[in-house]
>>> print(open('start.csv').read())   # CSV, C-alpha atoms
chain,number,residue,atom,x,y,z
A,1,MET,CA,-95.6,-146.6,23.1
A,2,ILE,CA,-95.8,-145.0,19.7
A,3,SER,CA,-99.4,-146.1,19.2
A,4,CYS,CA,-100.3,-144.7,22.6
A,5,LEU,CA,-98.7,-141.4,21.6
A,6,TYR,CA,-100.6,-141.2,18.3
A,7,CYS,CA,-103.9,-141.9,20.2
A,8,THR,CA,-103.1,-139.0,22.5
A,9,VAL,CA,-102.3,-136.8,19.6
A,10,PHE,CA,-105.5,-137.7,17.8
A,11,ILE,CA,-107.7,-137.0,20.8
A,12,MET,CA,-106.1,-133.6,21.4
A,13,LEU,CA,-106.4,-132.7,17.7
A,14,VAL,CA,-110.1,-133.5,17.8
A,15,VAL,CA,-110.5,-131.2,20.8
A,16,ILE,CA,-108.5,-128.5,19.1
A,17,SER,CA,-110.6,-128.7,15.9
A,18,ARG,CA,-113.6,-127.8,18.0
A,19,ILE,CA,-112.1,-124.9,19.9
A,20,PRO,CA,-113.3,-121.7,18.1
A,21,ASN,CA,-110.5,-119.2,18.9
A,22,SER,CA,-106.8,-118.8,19.3
A,23,SER,CA,-107.0,-120.1,22.9
A,24,SER,CA,-106.6,-123.5,21.3
A,25,PHE,CA,-102.9,-122.8,21.2
A,26,SER,CA,-102.7,-123.7,24.9
A,27,CYS,CA,-103.7,-127.2,23.7
A,28,ILE,CA,-101.2,-127.0,20.8
A,29,ASN,CA,-98.4,-126.1,23.2
A,30,THR,CA,-99.2,-129.1,25.3
A,31,LEU,CA,-99.3,-131.2,22.1
A,32,SER,CA,-95.8,-129.9,21.1
A,33,ARG,CA,-94.4,-131.4,24.3
A,34,LEU,CA,-95.5,-134.8,23.2
A,35,HIS,CA,-93.5,-134.4,19.9
A,36,PRO,CA,-90.5,-136.8,20.0
A,37,ARG,CA,-88.0,-133.9,19.3
A,38,HIS,CA,-90.0,-131.3,21.3
A,39,ILE,CA,-90.4,-129.2,18.3
A,40,SER,CA,-92.9,-126.3,18.8
A,41,LEU,CA,-95.9,-127.0,16.6
A,42,LYS,CA,-97.0,-123.4,17.1
A,43,GLN,CA,-93.8,-122.4,15.3
A,44,HIS,CA,-94.4,-125.0,12.6
A,45,PRO,CA,-98.0,-124.8,11.5
A,46,SER,CA,-97.4,-127.2,8.6
A,47,SER,CA,-96.6,-129.9,11.1
A,48,ILE,CA,-100.0,-129.8,12.9
A,49,ARG,CA,-101.8,-129.3,9.6
A,50,ASN,CA,-100.2,-132.4,8.1
A,51,ILE,CA,-101.0,-134.4,11.2
A,52,ARG,CA,-104.6,-133.2,11.0
A,53,ARG,CA,-104.9,-134.2,7.4
A,54,SER,CA,-103.3,-137.6,7.9
A,55,LEU,CA,-105.7,-138.4,10.7
A,56,GLY,CA,-108.7,-137.0,8.8
A,57,VAL,CA,-109.5,-134.3,11.3
A,58,ARG,CA,-111.4,-131.3,9.9
A,59,THR,CA,-109.6,-128.0,10.3
A,60,PHE,CA,-111.8,-125.0,11.1
A,61,GLY,CA,-110.4,-121.8,9.7
A,62,SER,CA,-107.0,-121.2,8.0
A,63,PHE,CA,-103.8,-122.1,9.8
A,64,ALA,CA,-100.9,-119.7,9.1
A,65,ASP,CA,-98.2,-117.7,11.0
A,66,GLY,CA,-99.1,-119.5,14.2
A,67,GLU,CA,-102.8,-118.4,14.1
A,68,ILE,CA,-106.0,-120.1,13.2
A,69,ARG,CA,-107.8,-117.6,10.9
A,70,LYS,CA,-111.5,-118.0,10.4
A,71,ARG,CA,-113.0,-118.4,6.9
A,72,VAL,CA,-115.3,-115.5,5.8
A,73,VAL,CA,-117.5,-115.4,2.7
A,74,PHE,CA,-118.6,-111.9,1.6
A,75,LEU,CA,-121.8,-111.2,-0.4
A,76,GLY,CA,-122.5,-107.9,-2.0
A,77,THR,CA,-122.9,-106.1,-5.4
A,78,PRO,CA,-122.7,-102.3,-5.7
A,79,GLU,CA,-119.8,-99.8,-5.1
A,80,VAL,CA,-120.7,-99.3,-1.4
A,81,ALA,CA,-120.4,-103.1,-0.9
A,82,ALA,CA,-117.1,-103.1,-2.7
A,83,GLU,CA,-115.8,-100.5,-0.3
A,84,ALA,CA,-117.0,-102.7,2.6
A,85,LEU,CA,-115.3,-105.8,1.1
A,86,GLU,CA,-112.0,-103.9,0.8
A,87,LYS,CA,-112.1,-102.8,4.4
A,88,ILE,CA,-113.0,-106.3,5.7
A,89,TYR,CA,-110.3,-107.9,3.5
A,90,LYS,CA,-107.5,-105.5,4.7
A,91,GLU,CA,-108.5,-105.8,8.4
A,92,GLY,CA,-108.4,-109.6,8.1
A,93,LYS,CA,-104.9,-109.4,6.8
A,94,LYS,CA,-103.9,-106.7,9.4
A,95,GLN,CA,-105.3,-108.5,12.4
A,96,ASN,CA,-104.5,-112.0,11.1
A,97,LYS,CA,-107.8,-113.3,12.4
A,98,TRP,CA,-109.8,-114.1,9.2
A,99,ASP,CA,-109.5,-114.7,5.5
A,100,VAL,CA,-112.1,-113.7,2.9
A,101,VAL,CA,-112.1,-117.1,1.1
A,102,ALA,CA,-114.8,-116.2,-1.5
A,103,THR,CA,-117.2,-113.4,-2.6
A,104,VAL,CA,-120.7,-113.9,-3.9
A,105,THR,CA,-122.2,-111.2,-6.2
A,106,GLN,CA,-124.8,-110.9,-8.9
A,107,PRO,CA,-123.8,-112.0,-12.4
A,108,PRO,CA,-122.5,-109.6,-15.0
A,109,ARG,CA,-125.4,-107.6,-16.5
A,110,PRO,CA,-125.9,-105.8,-19.9
A,111,PHE,CA,-124.9,-102.2,-19.7
A,112,GLY,CA,-125.1,-99.2,-22.0
A,113,ARG,CA,-126.4,-98.8,-25.6
A,114,LYS,CA,-124.3,-101.7,-26.8
A,115,ARG,CA,-125.6,-103.9,-23.9
A,116,THR,CA,-122.1,-105.2,-23.2
A,117,LEU,CA,-121.8,-107.4,-20.0
A,118,ARG,CA,-120.4,-105.5,-17.0
A,119,SER,CA,-119.3,-107.1,-13.8
A,120,SER,CA,-120.4,-105.7,-10.5
A,121,PRO,CA,-118.0,-103.5,-8.4
A,122,VAL,CA,-117.7,-106.3,-5.9
A,123,HIS,CA,-116.8,-108.7,-8.7
A,124,THR,CA,-114.1,-106.4,-10.1
A,125,LEU,CA,-112.5,-105.7,-6.7
A,126,ALA,CA,-112.5,-109.4,-5.7
A,127,GLU,CA,-110.7,-110.3,-8.9
A,128,SER,CA,-108.1,-107.6,-8.2
A,129,LEU,CA,-107.6,-109.1,-4.8
A,130,SER,CA,-107.4,-112.7,-6.1
A,131,ILE,CA,-110.5,-113.6,-4.1
A,132,PRO,CA,-112.6,-116.4,-5.8
A,133,VAL,CA,-116.0,-115.0,-7.1
A,134,LEU,CA,-119.3,-116.9,-7.3
A,135,THR,CA,-122.1,-115.4,-9.4
A,136,PRO,CA,-125.3,-117.4,-9.0
A,137,GLU,CA,-128.4,-116.0,-10.7
A,138,LYS,CA,-130.2,-116.9,-7.4
A,139,ALA,CA,-128.8,-117.9,-4.0
A,140,THR,CA,-131.3,-120.8,-4.0
A,141,ASP,CA,-129.4,-122.5,-6.8
A,142,PRO,CA,-128.5,-126.0,-5.4
A,143,SER,CA,-125.1,-126.1,-7.2
A,144,PHE,CA,-124.2,-122.7,-5.7
A,145,LEU,CA,-125.1,-124.0,-2.3
A,146,ASP,CA,-123.1,-127.1,-2.7
A,147,GLU,CA,-120.1,-125.0,-3.7
A,148,LEU,CA,-120.6,-122.7,-0.7
A,149,GLU,CA,-120.8,-125.7,1.6
A,150,SER,CA,-117.5,-127.0,0.2
A,151,LEU,CA,-115.9,-123.7,1.2
A,152,LYS,CA,-116.7,-124.4,4.9
A,153,PRO,CA,-117.3,-120.7,5.9
A,154,ASP,CA,-117.2,-119.9,9.6
A,155,LEU,CA,-119.0,-116.6,9.0
A,156,CYS,CA,-120.9,-114.9,6.1
A,157,ILE,CA,-121.3,-111.2,5.7
A,158,THR,CA,-123.8,-109.4,3.4
A,159,ALA,CA,-123.9,-105.8,2.2
A,160,ALA,CA,-126.4,-104.9,-0.4
A,161,TYR,CA,-126.2,-108.3,-2.1
A,162,GLY,CA,-129.7,-108.1,-3.5
A,163,CYS,CA,-130.9,-111.7,-3.4
A,164,TYR,CA,-133.0,-113.7,-1.0
A,165,LEU,CA,-131.0,-116.1,1.1
A,166,PRO,CA,-132.6,-119.5,1.7
A,167,LYS,CA,-132.7,-121.5,4.9
A,168,ARG,CA,-130.0,-123.9,3.7
A,169,PHE,CA,-127.6,-121.0,3.1
A,170,LEU,CA,-128.3,-119.6,6.6
A,171,SER,CA,-127.6,-123.0,8.2
A,172,LEU,CA,-124.1,-123.3,6.7
A,173,PRO,CA,-121.8,-120.9,8.6
A,174,PRO,CA,-121.6,-122.0,12.2
A,175,LEU,CA,-121.2,-118.4,13.4
A,176,GLY,CA,-124.1,-117.1,11.3
A,177,THR,CA,-124.5,-114.5,8.7
A,178,LEU,CA,-124.1,-110.8,9.5
A,179,ASN,CA,-125.7,-108.0,7.4
A,180,ILE,CA,-124.9,-104.3,7.2
A,181,HIS,CA,-128.2,-102.5,6.7
A,182,PRO,CA,-128.3,-98.7,6.4
A,183,SER,CA,-131.1,-97.8,8.7
A,184,LEU,CA,-131.9,-97.7,12.5
A,185,LEU,CA,-133.8,-101.0,12.5
A,186,PRO,CA,-136.6,-101.9,13.0
A,187,LEU,CA,-137.2,-98.7,10.9
A,188,TYR,CA,-137.0,-99.1,7.1
A,189,ARG,CA,-136.7,-102.7,6.5
A,190,GLY,CA,-136.3,-103.5,2.8
A,191,ALA,CA,-134.8,-102.3,-0.5
A,192,SER,CA,-134.6,-98.5,-0.1
A,193,PRO,CA,-133.9,-97.6,3.6
A,194,VAL,CA,-131.8,-94.5,3.0
A,195,GLN,CA,-134.2,-93.1,0.4
A,196,ARG,CA,-137.2,-93.6,2.6
A,197,SER,CA,-135.5,-92.1,5.6
A,198,LEU,CA,-134.4,-88.9,3.7
A,199,GLU,CA,-137.8,-88.7,2.0
A,200,SER,CA,-139.5,-88.8,5.5
A,201,GLY,CA,-137.2,-85.9,6.7
A,202,ASP,CA,-135.8,-87.9,9.6
A,203,GLU,CA,-133.5,-85.9,11.8
A,204,LYS,CA,-131.6,-89.0,12.9
A,205,ILE,CA,-130.3,-91.7,10.5
A,206,GLY,CA,-128.0,-94.6,10.9
A,207,VAL,CA,-126.9,-98.1,10.2
A,208,SER,CA,-127.4,-101.5,11.9
A,209,VAL,CA,-125.3,-104.7,11.9
A,210,LEU,CA,-127.6,-107.6,12.4
A,211,TYR,CA,-127.9,-111.4,12.1
A,212,THR,CA,-129.7,-112.5,9.0
A,213,VAL,CA,-132.8,-114.6,9.4
A,214,LYS,CA,-135.4,-115.7,6.8
A,215,LYS,CA,-137.6,-112.7,7.3
A,216,MET,CA,-136.1,-109.6,5.6
A,217,ASP,CA,-134.0,-107.4,7.8
A,218,ALA,CA,-135.7,-108.8,10.9
A,219,GLY,CA,-132.8,-110.5,12.7
A,220,PRO,CA,-131.4,-109.4,16.1
A,221,VAL,CA,-129.1,-106.4,16.0
A,222,LEU,CA,-125.5,-106.6,17.3
A,223,LYS,CA,-124.6,-103.0,16.7
A,224,LYS,CA,-126.2,-99.6,15.7
A,225,VAL,CA,-124.6,-96.4,14.8
A,226,GLN,CA,-126.8,-93.3,14.9
A,227,VAL,CA,-125.9,-89.9,13.3
A,228,GLU,CA,-127.6,-86.5,12.8
A,229,ASP,CA,-128.9,-85.9,9.2
A,230,ASP,CA,-127.4,-82.6,8.0
A,231,GLY,CA,-130.5,-81.9,5.8
A,232,VAL,CA,-128.3,-81.3,2.7
A,233,LYS,CA,-126.6,-84.4,1.4
A,234,GLY,CA,-128.6,-86.8,-0.8
A,235,THR,CA,-128.7,-90.6,-1.0
A,236,SER,CA,-125.7,-90.7,-3.4
A,237,VAL,CA,-123.5,-89.4,-0.5
A,238,VAL,CA,-125.4,-90.6,2.6
A,239,LEU,CA,-125.6,-94.2,1.4
A,240,GLY,CA,-121.8,-94.5,1.2
A,241,GLU,CA,-121.3,-92.8,4.5
A,242,LEU,CA,-123.6,-95.1,6.3
A,243,PHE,CA,-122.1,-98.2,4.8
A,244,GLY,CA,-118.7,-96.9,5.9
A,245,LEU,CA,-119.9,-96.5,9.5
A,246,GLY,CA,-121.5,-99.9,9.4
A,247,THR,CA,-118.4,-101.6,8.1
A,248,GLU,CA,-116.3,-99.9,10.8
A,249,ALA,CA,-118.8,-101.2,13.4
A,250,LEU,CA,-118.7,-104.7,11.9
A,251,VAL,CA,-114.9,-104.9,11.8
A,252,GLY,CA,-114.8,-103.7,15.4
A,253,ILE,CA,-117.0,-106.7,16.6
A,254,MET,CA,-115.7,-109.3,14.2
A,255,PRO,CA,-112.8,-110.6,16.4
A,256,SER,CA,-115.2,-111.3,19.3
A,257,VAL,CA,-117.8,-112.8,16.9
A,258,LEU,CA,-115.2,-115.1,15.4
A,259,ASP,CA,-113.7,-116.2,18.7
A,260,GLY,CA,-117.2,-117.0,20.0
A,261,THR,CA,-117.3,-114.4,22.9
A,262,THR,CA,-120.0,-112.5,21.0
A,263,GLY,CA,-123.0,-114.2,19.4
A,264,TRP,CA,-126.7,-114.4,19.0
A,265,ASP,CA,-127.3,-114.1,22.8
A,266,ASP,CA,-125.6,-110.7,22.8
A,267,ALA,CA,-127.8,-109.3,19.9
A,268,THR,CA,-130.9,-107.3,20.6
A,269,PRO,CA,-134.2,-108.6,19.2
A,270,GLN,CA,-136.1,-106.0,17.1
A,271,ALA,CA,-139.3,-104.6,18.4
A,272,GLU,CA,-141.8,-105.7,15.7
A,273,GLU,CA,-144.4,-103.1,16.7
A,274,TYR,CA,-142.1,-100.4,15.5
A,275,ALA,CA,-141.1,-102.0,12.2
A,276,THR,CA,-141.6,-100.0,9.0
A,277,ALA,CA,-141.1,-101.0,5.4
A,278,ALA,CA,-138.8,-99.3,2.8
A,279,LYS,CA,-140.5,-100.4,-0.4
A,280,MET,CA,-138.7,-100.2,-3.7
A,281,ILE,CA,-138.8,-96.9,-5.5
A,282,SER,CA,-140.8,-96.6,-8.7
A,283,PRO,CA,-140.0,-94.2,-11.6
A,284,ASP,CA,-143.2,-92.1,-11.1
A,285,GLU,CA,-142.2,-91.2,-7.6
A,286,GLY,CA,-139.8,-88.6,-9.1
A,287,LEU,CA,-142.7,-86.4,-10.1
A,288,ILE,CA,-143.3,-83.4,-7.8
A,289,ASP,CA,-146.7,-82.0,-7.9
A,290,VAL,CA,-146.1,-78.3,-7.0
A,291,LYS,CA,-149.8,-77.9,-6.0
A,292,GLU,CA,-149.7,-80.7,-3.4
A,293,THR,CA,-146.1,-80.6,-2.2
A,294,THR,CA,-144.6,-78.3,0.4
A,295,ALA,CA,-141.1,-76.8,-0.2
A,296,LYS,CA,-139.7,-79.0,2.6
A,297,GLN,CA,-141.3,-82.1,1.2
A,298,ALA,CA,-139.9,-81.3,-2.3
A,299,LYS,CA,-136.4,-80.8,-0.9
A,300,ASP,CA,-136.5,-84.1,1.0
A,301,ARG,CA,-137.6,-86.0,-2.1
A,302,ILE,CA,-135.0,-84.3,-4.3
A,303,ARG,CA,-132.3,-85.5,-1.8
A,304,ALA,CA,-133.8,-88.9,-1.4
A,305,PHE,CA,-134.1,-89.7,-5.2
A,306,ASP,CA,-130.9,-88.0,-6.4
A,307,MET,CA,-129.4,-91.4,-7.4
A,308,TRP,CA,-132.5,-92.7,-9.1
A,309,PRO,CA,-135.0,-91.8,-10.6
A,310,GLY,CA,-134.3,-88.1,-10.0
A,311,CYS,CA,-137.1,-85.5,-9.6
A,312,HIS,CA,-139.0,-83.4,-12.1
A,313,ILE,CA,-142.0,-81.1,-12.6
A,314,TYR,CA,-144.1,-80.3,-15.6
A,315,ILE,CA,-144.4,-76.8,-16.8
A,316,ARG,CA,-146.2,-74.9,-19.6
A,317,VAL,CA,-144.4,-71.9,-21.0
A,318,GLU,CA,-146.6,-69.0,-21.7
A,319,GLY,CA,-147.6,-68.8,-25.4
A,320,GLU,CA,-146.8,-72.5,-26.0
A,321,GLU,CA,-149.2,-75.5,-26.1
A,322,GLU,CA,-146.7,-78.2,-25.2
A,323,VAL,CA,-146.2,-79.2,-21.6
A,324,LYS,CA,-142.5,-79.6,-20.8
A,325,LYS,CA,-140.7,-81.9,-18.3
A,326,LEU,CA,-138.2,-80.0,-16.2
A,327,LYS,CA,-135.6,-82.0,-14.2
A,328,ILE,CA,-134.8,-80.5,-10.8
A,329,GLY,CA,-132.0,-81.2,-8.4
A,330,GLN,CA,-130.0,-79.7,-5.6
A,331,GLY,CA,-127.9,-76.6,-6.2
A,332,LYS,CA,-124.1,-76.9,-6.0
>>> encode(input="start.csv", output="structure tokens")
Amino acid sequence: MISCLYCTVFIMLVVISRIPNSSSFSCINTLSRLHPRHISLKQHPSSIRNIRRSLGVRTFGSFADGEIRKRVVFLGTPEVAAEALEKIYKEGKKQNKWDVVATVTQPPRPFGRKRTLRSSPVHTLAESLSIPVLTPEKATDPSFLDELESLKPDLCITAAYGCYLPKRFLSLPPLGTLNIHPSLLPLYRGASPVQRSLESGDEKIGVSVLYTVKKMDAGPVLKKVQVEDDGVKGTSVVLGELFGLGTEALVGIMPSVLDGTTGWDDATPQAEEYATAAKMISPDEGLIDVKETTAKQAKDRIRAFDMWPGCHIYIRVEGEEEVKKLKIGQGK
């Protein structure tokens, strides 16, 4: 009788371990009725967790407070990514549907005249939230990929991480990897989407939440948010605003992504014929040739490059031989 009971328990646990969302609790409730003392396993998560472990059944997600929370790994580096991480972390706690089990960011880099090592904003925030931090030099590092695999992430999220993600990485999370990209894809794929959009004088700008594939920023799009450009704010402001909108959009769809009701089949493939590239900015792009540049073009470039490299012109003061470099920016 006892052996039969344990066989039944084992079979049901195997089934539960493969059910992606909280509906698995209908199975758990049934399982609780098989318990000798009719104890509710939903009210005692440690009971079912211990049974799973004793039987060697893999648990997907974190089990706490009567809910199975999915395991999320966040990848990002700059301040805008840290703001996204904080929002995702807090929403996971609030909704009780996911845990950020690790962050991945670029390693500390030399900074300032003394070249002291400085951690990225994502690194600093993650440590303050007691989230484990991984800092591989490259995401192709086998030891990093082994460590990531051991974390058993259900979903990965990237926001301005800054490193290429290999095929092995993309194959690890069963629910895929979602990316926040600050452009209306397929426009402006690449490293500098906001700068190139403002430089072009686009009237409409926006952000996309898409699945990551091997080709850069080319995956199917789950969500887009489009806004009017005000013609005034520069990249230093617009970048943060777009990442904020993208994070809100991502958090809005995460519950359905994590429970399996939204997935790849619901995403819209990008139209390759309309794809444009947002190449990296070079220092010499900050030079404005007043003979070749209109006032509108100059304004757009000043807005686009206000974070880096800034804009400048060369002038010669009457009566002086030396040509001087004059930095220019937006008025306050």
>>> closest_residue(input="start.csv", among="A:Gly76, A:Pro110, A:Pro132, A:Pro193", to="Thr276 (chain A)", atoms="only C-alpha atoms")
A:Pro193
>>> atom_distance(input="start.csv", atom1="CA of Gln226 (chain A)", atom2="CA of Val80 (chain A)")
18.4 Å
>>> residues_around(input="start.csv", residues="region 156-170 of chain A", least_positions_apart="4", cutoff="8 Å", atoms="all atoms listed in the file", output="list of chain:residue names")
A:Val72, A:Val73, A:Phe74, A:Leu75, A:Gly76, A:Thr77, A:Pro78, A:Ala81, A:Ala84, A:Thr105, A:Gln106, A:Lys138, A:Ala139, A:Thr140, A:Leu145, A:Gly176, A:Thr177, A:Leu178, A:Asn179, A:Ile180, A:His181, A:Thr212, A:Val213, A:Lys214
>>> residues_around(input="start.csv", residues="Val133 (chain A)", least_positions_apart="4", cutoff="7 Å", atoms="only C-alpha atoms", output="list of chain:residue names")
A:Ala102, A:Thr103, A:Val104, A:His123, A:Ala126
>>> closest_residue(input="start.csv", among="A:Phe305, A:Tyr211, A:Tyr274, A:Phe243", to="Glu83 (chain A)", atoms="all atoms listed in the file")
A:Phe243
>>> atom_distance(input="start.csv", atom1="CA of Ala267 (chain A)", atom2="CA of Gly190 (chain A)")
20.0 Å
>>> closest_residue(input="start.csv", among="A:Met216, A:Met307, A:Ile88, A:Ala277", to="Ile253 (chain A)", atoms="all atoms listed in the file")
A:Ile88
>>> atom_distance(input="start.csv", atom1="CA of Ala278 (chain A)", atom2="CA of Gly219 (chain A)")
16.1 Å
>>> residues_around(input="start.csv", residues="Ser119 (chain A)", least_positions_apart="2", cutoff="9 Å", atoms="all atoms listed in the file", output="PyMOL selection string")
chain A and resi 106-109+117+121-124
>>> closest_residue(input="start.csv", among="A:Val237, A:Leu184, A:Ala298, A:Val194", to="Leu222 (chain A)", atoms="only C-alpha atoms")
A:Leu184
>>> residues_around(input="start.csv", residues="Ile288 (chain A)", least_positions_apart="6", cutoff="8 Å", atoms="only C-alpha atoms", output="ChimeraX atom specification")
/A:298,311-313
>>> closest_residue(input="start.csv", among="A:Gly92, A:Pro173, A:Pro220, A:Gly206", to="Gln270 (chain A)", atoms="all atoms listed in the file")
A:Pro220
>>> closest_residue(input="start.csv", among="A:Asp300, A:Leu175, A:Asp217, A:Val101", to="Leu129 (chain A)", atoms="all atoms listed in the file")
A:Val101
>>> residues_near_point(input="start.csv", point="(-127.9, -81.1, -1.0)", cutoff="10 Å", atoms="all atoms listed in the file", output="ChimeraX atom specification")
/A:230-235,237,299-300,302-304,306,329-332
